[in-house]
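Have a look at the structure below before the remarks.
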Amino acid sequence: MSIQMSFHHIGHPVALDQIKDNPETKYSPLFDMYSLDQQNSLGIPIELHAFGPNSSLDPLIQQTPHVAFKTSDIDAALKDAKILMPKYIPFKGYICAMILLNEQPIELIETTLSEREIWGDGIFKDSVLYPDGPRH
């Protein structure tokens, strides 16, 4: 059985001082992680991530860029995979997990949300990942 997937974003680890003081950076106390969405001329979603000393995420996630894909069946995609980050719901309508595939961290996402909803400011209001949303 072939699992259908489509590209969603690239996640790229950076040094904390590169993004910590940017007012658009979101902080996740759950993972002691900072995230900043980057715009570019090609419209490719790239999210920069920096990690604090208390991050519980796998070191591969903290040190290696990842590619994220949307799938309509995350459970099937996770079957027999090496799990780096177990499946969880960071905010309503969005399920994600990370696996190791051929030594490459891959994020898997199952969602009914539109891209505008995912990348917009309002989605994080009830988030366990970014409970305070962007810092304005």
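Within each chain, counting starts at residue 1; across the structure tokens, chains are named A, B, ... in the order shown, with ligands numbered 1 upward in that order.
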Which polymer residues have any atom within 9 Å of an atom of range 8-18 of chain A, counting only C-alpha atoms, with same-chain residues fewer than 4 positions away left out, as number ranges by chain?
A: 22, 34, 44-52, 61-70, 107, 109, 115
According to DSSP computed on the backbone, where in range 14-104 of chain A is there alpha helix (DSSP H)? Give the residues as JSON, numbers by chain. {"A": [16, 17, 18, 19, 59, 60, 61, 62, 63, 74, 75, 76, 77, 78]}
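Comparing the minimum interatomic distances between Pro90 in chain A and each of A:Thr25, A:Thr111, A:Ser56, A:Gln104, counting only C-alpha atoms, we find that A:Thr111 sits nearest.
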Report as a PyMOL selection string: the residues of chain A with a DSSP assignment of strand (DSSP E or B), based on the backbone of this structure. chain A and resi 5-13+26-28+33-38+46-51+66-71+82-91+94-101+104-111+134
